[in-house]
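Trainee: Structure incoming, see below.
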Amino acid sequence: MRQSKLFFKTQKEYPKDEISLNARLLIRANFIDKLMAGVYSFLPLGWRVHKKIENIIREEINAIAGQEVFLPALQPKTIWEKTGRWDKMEPPLFKFQDQHEKDLALGSTHEEVITDLVGRFVNSYRDLPLYLYQIQNKFRNEIRSTGGLLRVREFLMKDLYSFHTSSEDLDIYYQKVIGAYKKIFNRCGFDAKIAEASSGSIGGDVSNEFMMLCDTGEDKIFYCAKCDWAINEEKLDKKTLEKCPTRLPDGRECGGKILNGQAIENGHVFKLKTKYSEKLGAYFIDKDGNRKPIIMGCYGIGLGRLMASAVEAHNDAFGIIWPEEIAPFDIHLLEIGKTTKPLRIFTEKIYQELEKASLEVLYDDREGVFAGEKFTDADLIGIPWRLVVSEKTHIAKKVELKRRGQEKTEILNLEEAIKKIKLKL
RNA sequence: CGGGCUGUAGUAUACCGGCAGUACGCAUGCAUGGGGUGCAUGUAGACCGGGUUCAAUUCCCGGCAGCCCGACCA
């Protein structure tokens, strides 16, 4: 992508009135734009990051047999009344009426819709288990939006729903989802702690939150220094914890030291059991001919929040430092100094070679922009590798390679640089 | 929703009860070309409504909007 053509303009100042680090960086670096409190546009750079997160999630959920669907955001009051959540979810349910004064809601979550759907299609134990997910906009009439992208009123969520014939089968799949989630969060650049949590308005008796340690997080957790076990403070009814209670595969206790800190909740998984299936009439006939409610689980990840968390976790005084897998591009190619024809030909060739090597390149080909501004922009945007070309390197037939967040600059030829980048990627 | 703070060019800000200033941006020109370059010219602004006053961007009231604290939230 040629930067001169990119719909994008970094700002010289941080936005006033934004305290939240992710909002300050993402707005200033022009990844997102705020339309109103808790409602943001994703601009080309930001949308690329968002898409990468989306694809990572899709890959990992497909890998555990998830089938992607797309459910409506516009939902009738009737199904919400069946579960008793029409009144209970206000807020955060957005409610309004259509032309015919029929009550509607914008989906803040999709248990009702999916359970209604599955209930009408699943009749037999032979149809189960079933794993359906979507990546779709959720609308939440939050009392207050906070922390930039951390808590917004409209956002894309990956929500997966599983349907089983038994609790045992749910338990097995629940663990599979936890495994997939670990991979997703690792690929997005951080280790998540898996916290025992309370279920809130979603319900069910067991739930786990995927927590990223971060001083600006809204939740306080107690976590193990050795493994990924944790517990949300709200779940910890005053009993003190000294050692990690997790059972290792060999049956011993983990016994790791317990620490505490603030964390951001990036995902939440629930064992719903039959809470929704009973109310919405989602039953199946088992092997012995008995009619039983379907056993359910549900599993959510907020994509924008995940993106914000990555920014909160990876930055320095100069800007964002994207983890490789979710960076908007692999390489930021800068041509600096006065643009002369021979230099431009040299840089264009490098740009082509990089793309030929299947690398994603943002090419700062802007003319008349000073080196300092290009460097400052590059640091702010935070693409993992910076490749600089100038009259100096042109004469030497070399490029300068620097990794965002590290001091060292290397001067080498293009083939060596590509090799190096590919090894790290 | 309750509490607190705040609304001045695209952005960040200054001053003021009496014609609204600066920096960046943007446009044009010349110079320049390795960490937001220099000079010149131009461009663009008081959230909305009411009140007090000879006069309101400034003071008062009401809206609206933003941020922050509270709310079992992906």
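Going through the structure tokens in order, the chains are called A, B, and so on, while each chain numbers its residues from 1 and the ligands are numbered from 1 in the order shown.
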For the strand (DSSP E) assignment from backbone DSSP, which residues of region 61-177 of chain A qualify? Please present them as JSON, numbers by chain.
Mentor: {"A": [67, 68, 74, 75, 76, 94, 95, 96, 97, 103, 104, 105, 106, 130, 131, 132, 133, 134, 135, 136, 137, 138, 139, 154, 155, 156, 157, 158, 159, 160, 161, 162, 163, 164]}
Trainee: Kindly assemble as a Markdown table a list of the chain A residues that lie within 6 Å of chain B, each paired with its nearest atom pair and their distance in Å to one decimal, using only C-alpha atoms (C1' of nucleotides), sorted first by chain and then by ascending residue number.
Mentor:
```
| residue | atom | partner | partner_atom | distance |
| --- | --- | --- | --- | --- |
| A:Asp17 | CA | B:C67 | C1' | 4.9 |
| A:Gly200 | CA | B:C72 | C1' | 5.3 |
| A:Gly267 | CA | B:A74 | C1' | 5.8 |
| A:Ile301 | CA | B:A74 | C1' | 5.1 |
| A:Gly302 | CA | B:A74 | C1' | 4.0 |
| A:Gly337 | CA | B:G33 | C1' | 4.8 |
| A:Lys338 | CA | B:G33 | C1' | 5.1 |
| A:Ala371 | CA | B:G34 | C1' | 5.9 |
| A:Gly372 | CA | B:G35 | C1' | 3.9 |
| A:Glu373 | CA | B:G36 | C1' | 4.6 |
```
Trainee: Quick one: residues within 10 Å of Glu367 (chain A), only C-alpha atoms (C1' of nucleotides), excluding same-chain residues fewer than 3 positions away - as an MDAnalysis selection string?
Mentor: chainID A and resid 4 335:340 364 370
Trainee: Could those selected residues go to a file with C-alpha atoms, as a PDB file, in the first residue's frame?
Mentor:
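part36.pdb, freshly written:
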```pdb
ATOM      1  CA  SER A   4       0.474   8.724  -0.397  1.00  0.00           C
ATOM      2  CA  GLU A 335      11.969   6.549   1.396  1.00  0.00           C
ATOM      3  CA  ILE A 336      13.622   9.552   2.980  1.00  0.00           C
ATOM      4  CA  GLY A 337      15.487  12.573   1.716  1.00  0.00           C
ATOM      5  CA  LYS A 338      14.783  14.405  -1.500  1.00  0.00           C
ATOM      6  CA  THR A 339      13.000  12.194  -4.006  1.00  0.00           C
ATOM      7  CA  THR A 340      15.173  11.876  -7.095  1.00  0.00           C
ATOM      8  CA  ASP A 364       5.835   5.787   2.648  1.00  0.00           C
ATOM      9  CA  PHE A 370      10.676  15.373   5.909  1.00  0.00           C
TER      10      PHE A 370
END
```
Trainee: Nearest to Glu233 (chain A): which of A:Glu218, A:Glu312, A:Glu168, A:Asp330 is it, counting only C-alpha atoms?
Mentor: A:Glu218
Trainee: May I have the residues within 9 Å of C59 (chain B) as a compact mmCIF listing (two decimals) with C-alpha atoms (C1' of nucleotides), in the first residue's frame, using only C-alpha atoms (C1' of nucleotides) and disregarding those fewer than 3 positions away in the same chain?
Mentor:
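Okay, selection_19.txt is ready:
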```
# COMPACT_ATOMS: atom_id res chain seq x y z
C1' G B 17 -18.04 42.57 29.66
C1' U B 52 -28.77 40.26 32.83
C1' A B 56 -22.04 38.74 26.23
```
Trainee: Tell me, as a ChimeraX atom specification, which residues lie within 12 Å of G49 (chain B), counting only C-alpha atoms (C1' of nucleotides); anything in the same chain fewer than 4 positions away does not count.
Mentor: /B:61-64
Trainee: Please list as a list in words every residue within 7 Å of region 43-49 of chain A, counting only C-alpha atoms (C1' of nucleotides) and excluding residues in the same chain fewer than 5 positions away.
Mentor: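 Final neighbour list, sorted by chain and number: Phe7, Asn30, Phe31, Ile32, Ile326, Ala327 and Pro328 of chain A.
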Trainee: Separation of CA of Ile27 (chain A) and CA of Arg58 (chain A), in Å?
Mentor: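 Separating CA of Ile27 (chain A) from CA of Arg58 (chain A) is a distance of 26.7 Å.
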Trainee: Can you measure CA of Cys214 (chain A) to CA of Lys408 (chain A) for me? One decimal in Å is fine.
Mentor: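 Interatomic distance here is 27.7 Å.
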Trainee: Rank A:Lys287, A:Lys420, A:Arg403, A:Lys158 by their smallest atom-to-atom distance to Ser124 (chain A), using only C-alpha atoms, and report the top residue only.
Mentor: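 Closest to Ser124 (chain A) of all the choices is A:Lys287.
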Trainee: Interatomic distance between CA of Lys34 (chain A) and CA of His50 (chain A)?
Mentor: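 Taking CA of Lys34 (chain A) as the start and CA of His50 (chain A) as the end point, the length is 15.9 Å.
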Trainee: Please provide the set of residues having any atom within 8 Å of Cys244 (chain A), restricted to only C-alpha atoms (C1' of nucleotides), with same-chain residues fewer than 3 positions apart removed, written as a list of chain:residue names.
Mentor: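 With the cut-off at 8 Å, the set is A:Tyr223, A:Cys224, A:Trp229, A:Leu241, A:Glu253, A:Cys254, A:Gly255, A:Gly256, A:Lys257, A:Ile258.
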Trainee: Choose the residue, out of A:Pro384, A:Gly38, A:Pro293, A:Gly203, that has the smallest atom-to-atom separation from Ser277 (chain A); count only C-alpha atoms.
Mentor: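 Going through A:Pro384, A:Gly38, A:Pro293, A:Gly203 one by one, the smallest distance to Ser277 (chain A) is for A:Pro293.
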